[in-house]
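Trainee: Pasting in a structure now, in structure tokens, and then I'll have a few things to ask.
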Amino acid sequence: MDKMMWAGRFSKEIAADVNDFNSSISFDARMYRQDIKGSIAHATMLGEQGIIDKSESAVIIEGLKGILADIEAGKLDFDPNAEDIHMFIEAQLTERVGDAGKRLHTARSRNDQVAVDLKLYLKDEISIISDMVRQLIGTVTDLAEQHTETVMPGYTHLQRAQPITFAHHLMAYAQMFARDLSRLADCYKRTDVMPLGSCALAGTTYPLDRRRTAELLGFADITLNSLDGVSDRDYAIELCNDISMLMMHLSRFSEEIILWCSWEFKFIELDDAYSTGSSIMPQKKNPDITELIRGKTARVYGDLQTLLTMMKGLPLAYNKDMQEDKEAIFDAIDTVKMCIKTFIPMLATMTVNKENMRAAAAKGFINATDCADYLVKKGLPFRTAYKITGMLVAMCIEKNTTLEDLPIEEYKALSDEFDTDVYDAISLDRCVMTRNVEGGPAPEAVKAQIAELKARVGEIKL
Ligand code: ARG
């Protein structure tokens with residue numbers, strides 16, 4: 001750009017390094033489609049309202065379509081010296097169509113323009129991320145359906161606690177991702193409100209038909225305070241928060257996968273295509289993907305922190321600080337998409353080692369609660385039953401045996417209520433089968449859980 005757009009007021013060109021410092025085109029160019037779409041809608045409405053001539057509106061729209069086609073075809077490069085994508089496209093337009101192009105910015109400011117562009121961009125991205133989360137949920141539920149009878153230990157404090165199934169464990173993540181999906185749908189609603197027409201901050205004297213522009217752009221509603229319209233970035237923060245939570249869930253899942261594929265657990269094995277080797281230790285097979293997801297979660301939290309902190313001291317309405325919103329929210333979006341895209345096939349191709357899960361469940365006295373419950377069913381108070389079972393566990397540890405293998409005489413020595421049916425009551429399968437409460441790990445309960453979740457996810461619409 002040889003002449004700045006505001007040359008009338010200024011007597012000098014901007015210093016080159018200040019221009020670089022000020023410019024956002026290196027990162028906001030990715031909104032070129034939204035910028036052109038917004039301008040086409042604006043020009044259409046200006047023409048319909050008689051604010052500019054219909055013929056000029058048509059020339060502007062043709063010019064904008066040409067710019068779009070040329071960018072898409074790789075025939076037009078973004079000028080790194082342009083201040084931002086909005087200035088670049090407007091300058092291009094004027095270069096191509098002359099005076100008509102100079103009328104496009106009537107009753108508009110970059111302040112409402114950037115807000116509308118960002119909202120359009122984020123709406124598209126929310127749809128894309130939501131579809132990816134749906135796929136992720138599909139992969140998790142498919143896997144869960146195959147493992148409703150696969151017994152594994154459930155943990156608290158990373159100590160074996162009570163028996164569950166692998167399906168139940170997986171479905172806990174499906175529940176988290178379903179909440180993520182509903183949060184995204186919720187965020188979409190608040191993003192779907194058009195700020196165009198707020199202009200710089202105080203609206204305009206031109207007879208705009210804002211609802212018409214909103215209709216042309218596919219927004220459900222329009223903003224109703226021009227100051228708020230240009231100074232609100234809640235939607236970007238909300239989306240970044242939703243993505244942060246989604247990353248937190250992926251990170252917890254990743255952490256478990258890292259544990260599960262260690263020699264200490266060996267509950268699963270990752271496919272060779274989704275793991276890496278070591279440059280020095282030939283035996284190694286590392287779960288790098290999951291570790292990277294865990295690491296990238298930190299970076300997305302950083303993006304959220306950037307957005308929150310950027311906004312906290314800003315007086316109304318637009319301030320240039322807000323230009324910093326883009327790199328943060330774009331980074332969060334790019335990161336989460338990359339993570340989900342890699343995580344899905346990694347999950348779908350991993351091998352589940354049912355035997356090791358079962359063996360781990362057989363050790364560690366995870367049926368001790370069931371043993372206590374057996375005595376409770378025979379009439380003992382829970383605390384008494386708890387104490388007796390604790391003594392039995394201590395005895396087993398001393399004798400290096402399990403509750404299943406401890407002779408009945410030892411049981412009877414501690415309580416007459418014990419009989420040989422205790423072995424049935426504490427068998428792993430029974431411990432799982434009988435936890436049939438709604439939301440519990442029994443196969444029937446988990447099947448119901450899967451069905452309910454699928455139906456609920458199917459009903460979430462943007
Ligand atoms: N590049 C700017 C941004 O991203 C566009 C808005 C500029 N508005 C202004 N008054 N300087 O925020």
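Note on naming: chains are A, B, ... as they come in the structure tokens, residues start from 1 per chain, ligands start from 1 in the order shown.
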Find the residues around A:Arg33 up to 9 Å (only C-alpha atoms counted), leave out those fewer than 5 positions away in its own chain, and share them as a VMD selection string.
Mentor: chain A and resid 38 68 117 121
Trainee: Write out as a PyMOL selection string each polymer residue (protein, DNA or RNA) that has an atom no more than 12 Å from ligand 1, with only C-alpha atoms and all ligand atoms counted.
Mentor: chain A and resi 5-6+19+21-31+35+82-88+108-118+199-201+230-233+317-328
Trainee: Could you list, as a list in words, every residue within 8 Å of stretch 455-461 of chain A, counting only C-alpha atoms and ignoring same-chain residues fewer than 4 positions away?
Mentor: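 Listed by chain and then number, they are Arg134, Ala178, Leu181, Ser182, Ala185 and Ala451 of chain A.
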Trainee: Write a file of the selected residues as a PDB file, in the first residue's frame, keeping C-alpha atoms.
Mentor:
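This went into part-v1.pdb:
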ATOM      1  CA  ARG A 134     -19.432 -36.278  17.389  1.00  0.00           C
ATOM      2  CA  ALA A 178     -21.203 -35.113  25.184  1.00  0.00           C
ATOM      3  CA  LEU A 181     -20.664 -30.901  22.507  1.00  0.00           C
ATOM      4  CA  SER A 182     -23.602 -29.326  24.276  1.00  0.00           C
ATOM      5  CA  ALA A 185     -23.907 -25.749  20.777  1.00  0.00           C
ATOM      6  CA  ALA A 451     -28.333 -45.793  24.172  1.00  0.00           C
TER       7      ALA A 451
END
Trainee: I'd like to know which of A:Ala236, A:Pro282, A:Ile128, A:Ser254 is closest to A:Met311, using only C-alpha atoms.
Mentor: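 Looking at the shortest contact to A:Met311, the residue is A:Ala236.
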Trainee: From the options A:Glu56, A:Ile71, A:Leu250, A:Glu452, which residue's atoms come nearest to A:Gly98, counting only C-alpha atoms?
Mentor: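 Distance minimum relative to A:Gly98 lands on A:Glu56.
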Trainee: Excluding stretch 146-153 of chain A and its own-chain neighbours fewer than 6 positions away, which residues fall within 7 Å of it when counting only C-alpha atoms? Please give them as a list in words.
Mentor: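 Near stretch 146-153 of chain A, the qualifying residues are Arg160, Ala161, Gln162, Pro163, Ile164, Thr165, Phe166, Ala167, Lys354, Met357, Arg358, Ala360, Ala361, Pro443 and Val446 of chain A.
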Trainee: Return as a count of residues only the full set of residues in stretch 33-228 of chain A whose backbone-based DSSP assignment is strand (DSSP E or B).
Mentor: 17
Trainee: Which neighbours of A:Ala202 fall inside 7 Å, counting only C-alpha atoms, when residues of the same chain fewer than 4 positions from it are skipped, and could you give them as a PDB file with N, CA and C atoms, in the first residue's frame?
Mentor:
ATOM      1  N   SER A 198     -23.349  -1.668  14.180  1.00  0.00           N
ATOM      2  CA  SER A 198     -22.894  -0.945  15.379  1.00  0.00           C
ATOM      3  C   SER A 198     -21.945   0.158  14.947  1.00  0.00           C
ATOM      4  N   SER A 226     -24.918  -0.849  20.406  1.00  0.00           N
ATOM      5  CA  SER A 226     -23.806  -0.687  19.465  1.00  0.00           C
ATOM      6  C   SER A 226     -22.449  -0.714  20.164  1.00  0.00           C
ATOM      7  N   LEU A 227     -22.391  -0.235  21.413  1.00  0.00           N
ATOM      8  CA  LEU A 227     -21.118  -0.283  22.146  1.00  0.00           C
ATOM      9  C   LEU A 227     -20.733  -1.728  22.427  1.00  0.00           C
TER      10      LEU A 227
END
Trainee: Identify, on the basis of only C-alpha atoms, every residue whose closest approach to A:Asp405 does not exceed 12 Å; exclude the query and any residue fewer than 6 positions from it along the same chain; express the result as a list in words.
Mentor: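 In the requested format, the answer is Ala362, Lys363, Phe365, Leu392, Val393, Met395, Cys396, Ile397, Lys399, Tyr411, Thr420, Val422, Tyr423, Asp424, Ile426 and Ser427 of chain A.
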Trainee: Can you list, as a VMD selection string, all residues belonging to stretch 44-204 of chain A that DSSP tags as helix (DSSP H, G or I)?
Mentor: chain A and resid 44 to 48 54 to 72 85 to 103 110 to 146 166 to 191
Trainee: Could you take the residues named above and write them with C-alpha atoms, as an mmCIF file, in the first residue's frame?
Mentor:
data_model
loop_
_atom_site.group_PDB
_atom_site.id
_atom_site.type_symbol
_atom_site.label_atom_id
_atom_site.label_comp_id
_atom_site.auth_asym_id
_atom_site.auth_seq_id
_atom_site.Cartn_x
_atom_site.Cartn_y
_atom_site.Cartn_z
ATOM 1 C CA THR A 44 -26.518 -5.736 -0.942
ATOM 2 C CA MET A 45 -28.378 -4.148 1.955
ATOM 3 C CA LEU A 46 -26.940 -0.671 1.186
ATOM 4 C CA GLY A 47 -28.246 -1.033 -2.379
ATOM 5 C CA GLU A 48 -31.664 -2.294 -1.297
ATOM 6 C CA LYS A 54 -28.202 -0.415 -6.898
ATOM 7 C CA SER A 55 -25.818 -0.356 -9.859
ATOM 8 C CA GLU A 56 -22.880 0.497 -7.614
ATOM 9 C CA SER A 57 -23.875 -2.189 -5.197
ATOM 10 C CA ALA A 58 -23.822 -4.660 -8.089
ATOM 11 C CA VAL A 59 -20.364 -3.478 -9.181
ATOM 12 C CA ILE A 60 -19.055 -3.849 -5.615
ATOM 13 C CA ILE A 61 -20.485 -7.355 -5.301
ATOM 14 C CA GLU A 62 -18.996 -8.439 -8.629
ATOM 15 C CA GLY A 63 -15.647 -6.980 -7.609
ATOM 16 C CA LEU A 64 -15.723 -8.802 -4.266
ATOM 17 C CA LYS A 65 -16.621 -12.092 -5.945
ATOM 18 C CA GLY A 66 -13.670 -11.615 -8.291
ATOM 19 C CA ILE A 67 -11.318 -11.029 -5.362
ATOM 20 C CA LEU A 68 -12.607 -14.171 -3.654
ATOM 21 C CA ALA A 69 -12.172 -16.238 -6.810
ATOM 22 C CA ASP A 70 -8.641 -14.929 -7.314
ATOM 23 C CA ILE A 71 -7.585 -15.639 -3.729
ATOM 24 C CA GLU A 72 -9.021 -19.160 -3.929
ATOM 25 C CA ILE A 85 -7.496 -8.230 5.906
ATOM 26 C CA HIS A 86 -10.301 -5.664 5.897
ATOM 27 C CA MET A 87 -8.081 -2.874 4.545
ATOM 28 C CA PHE A 88 -6.500 -5.236 2.047
ATOM 29 C CA ILE A 89 -9.779 -6.337 0.501
ATOM 30 C CA GLU A 90 -11.215 -2.838 0.407
ATOM 31 C CA ALA A 91 -8.063 -1.526 -1.261
ATOM 32 C CA GLN A 92 -8.160 -4.384 -3.774
ATOM 33 C CA LEU A 93 -11.780 -3.630 -4.521
ATOM 34 C CA THR A 94 -11.114 0.038 -5.202
ATOM 35 C CA GLU A 95 -8.157 -0.880 -7.355
ATOM 36 C CA ARG A 96 -10.397 -3.170 -9.382
ATOM 37 C CA VAL A 97 -13.712 -1.310 -9.601
ATOM 38 C CA GLY A 98 -12.719 2.295 -8.929
ATOM 39 C CA ASP A 99 -15.056 4.760 -7.246
ATOM 40 C CA ALA A 100 -17.843 2.282 -6.472
ATOM 41 C CA GLY A 101 -15.383 0.469 -4.226
ATOM 42 C CA LYS A 102 -14.957 3.603 -2.166
ATOM 43 C CA ARG A 103 -18.637 3.445 -1.236
ATOM 44 C CA ARG A 110 -13.695 -1.902 10.873
ATOM 45 C CA ASN A 111 -14.840 -2.258 14.451
ATOM 46 C CA ASP A 112 -18.150 -3.871 13.526
ATOM 47 C CA GLN A 113 -16.580 -5.447 10.449
ATOM 48 C CA VAL A 114 -13.941 -7.347 12.414
ATOM 49 C CA ALA A 115 -16.557 -8.433 14.941
ATOM 50 C CA VAL A 116 -18.835 -9.809 12.237
ATOM 51 C CA ASP A 117 -15.938 -11.529 10.467
ATOM 52 C CA LEU A 118 -14.787 -13.183 13.653
ATOM 53 C CA LYS A 119 -18.286 -14.325 14.546
ATOM 54 C CA LEU A 120 -18.810 -15.787 11.076
ATOM 55 C CA TYR A 121 -15.434 -17.502 11.281
ATOM 56 C CA LEU A 122 -16.049 -18.899 14.748
ATOM 57 C CA LYS A 123 -19.531 -20.140 13.822
ATOM 58 C CA ASP A 124 -17.966 -22.196 11.021
ATOM 59 C CA GLU A 125 -15.286 -23.501 13.341
ATOM 60 C CA ILE A 126 -17.794 -24.404 16.057
ATOM 61 C CA SER A 127 -19.617 -26.534 13.458
ATOM 62 C CA ILE A 128 -16.403 -28.227 12.370
ATOM 63 C CA ILE A 129 -15.222 -28.905 15.920
ATOM 64 C CA SER A 130 -18.695 -30.154 16.894
ATOM 65 C CA ASP A 131 -18.653 -32.641 14.017
ATOM 66 C CA MET A 132 -15.250 -33.851 15.147
ATOM 67 C CA VAL A 133 -16.475 -34.259 18.723
ATOM 68 C CA ARG A 134 -19.432 -36.278 17.389
ATOM 69 C CA GLN A 135 -16.997 -38.558 15.575
ATOM 70 C CA LEU A 136 -14.930 -38.882 18.707
ATOM 71 C CA ILE A 137 -17.999 -39.843 20.714
ATOM 72 C CA GLY A 138 -18.862 -42.381 17.997
ATOM 73 C CA THR A 139 -15.418 -43.974 18.264
ATOM 74 C CA VAL A 140 -15.614 -44.146 22.058
ATOM 75 C CA THR A 141 -19.122 -45.637 22.083
ATOM 76 C CA ASP A 142 -18.212 -48.186 19.358
ATOM 77 C CA LEU A 143 -15.347 -49.351 21.526
ATOM 78 C CA ALA A 144 -17.535 -49.367 24.626
ATOM 79 C CA GLU A 145 -20.104 -51.563 22.865
ATOM 80 C CA GLN A 146 -17.424 -54.217 22.390
ATOM 81 C CA PHE A 166 -13.812 -51.169 30.281
ATOM 82 C CA ALA A 167 -17.040 -50.035 28.604
ATOM 83 C CA HIS A 168 -18.073 -48.193 31.732
ATOM 84 C CA HIS A 169 -14.692 -46.506 31.970
ATOM 85 C CA LEU A 170 -14.826 -45.449 28.321
ATOM 86 C CA MET A 171 -18.358 -44.163 28.682
ATOM 87 C CA ALA A 172 -17.239 -41.801 31.441
ATOM 88 C CA TYR A 173 -15.244 -40.045 28.694
ATOM 89 C CA ALA A 174 -18.164 -40.204 26.281
ATOM 90 C CA GLN A 175 -20.207 -38.352 28.915
ATOM 91 C CA MET A 176 -17.542 -35.642 29.137
ATOM 92 C CA PHE A 177 -17.401 -35.261 25.362
ATOM 93 C CA ALA A 178 -21.203 -35.113 25.184
ATOM 94 C CA ARG A 179 -21.137 -32.219 27.639
ATOM 95 C CA ASP A 180 -18.413 -30.584 25.512
ATOM 96 C CA LEU A 181 -20.664 -30.901 22.507
ATOM 97 C CA SER A 182 -23.602 -29.326 24.276
ATOM 98 C CA ARG A 183 -21.372 -26.497 25.500
ATOM 99 C CA LEU A 184 -20.278 -25.832 21.906
ATOM 100 C CA ALA A 185 -23.907 -25.749 20.777
ATOM 101 C CA ASP A 186 -24.653 -23.275 23.529
ATOM 102 C CA CYS A 187 -21.710 -21.092 22.565
ATOM 103 C CA TYR A 188 -22.925 -21.157 18.964
ATOM 104 C CA LYS A 189 -26.201 -19.526 20.034
ATOM 105 C CA ARG A 190 -24.437 -16.563 21.590
ATOM 106 C CA THR A 191 -22.068 -16.251 18.628
#
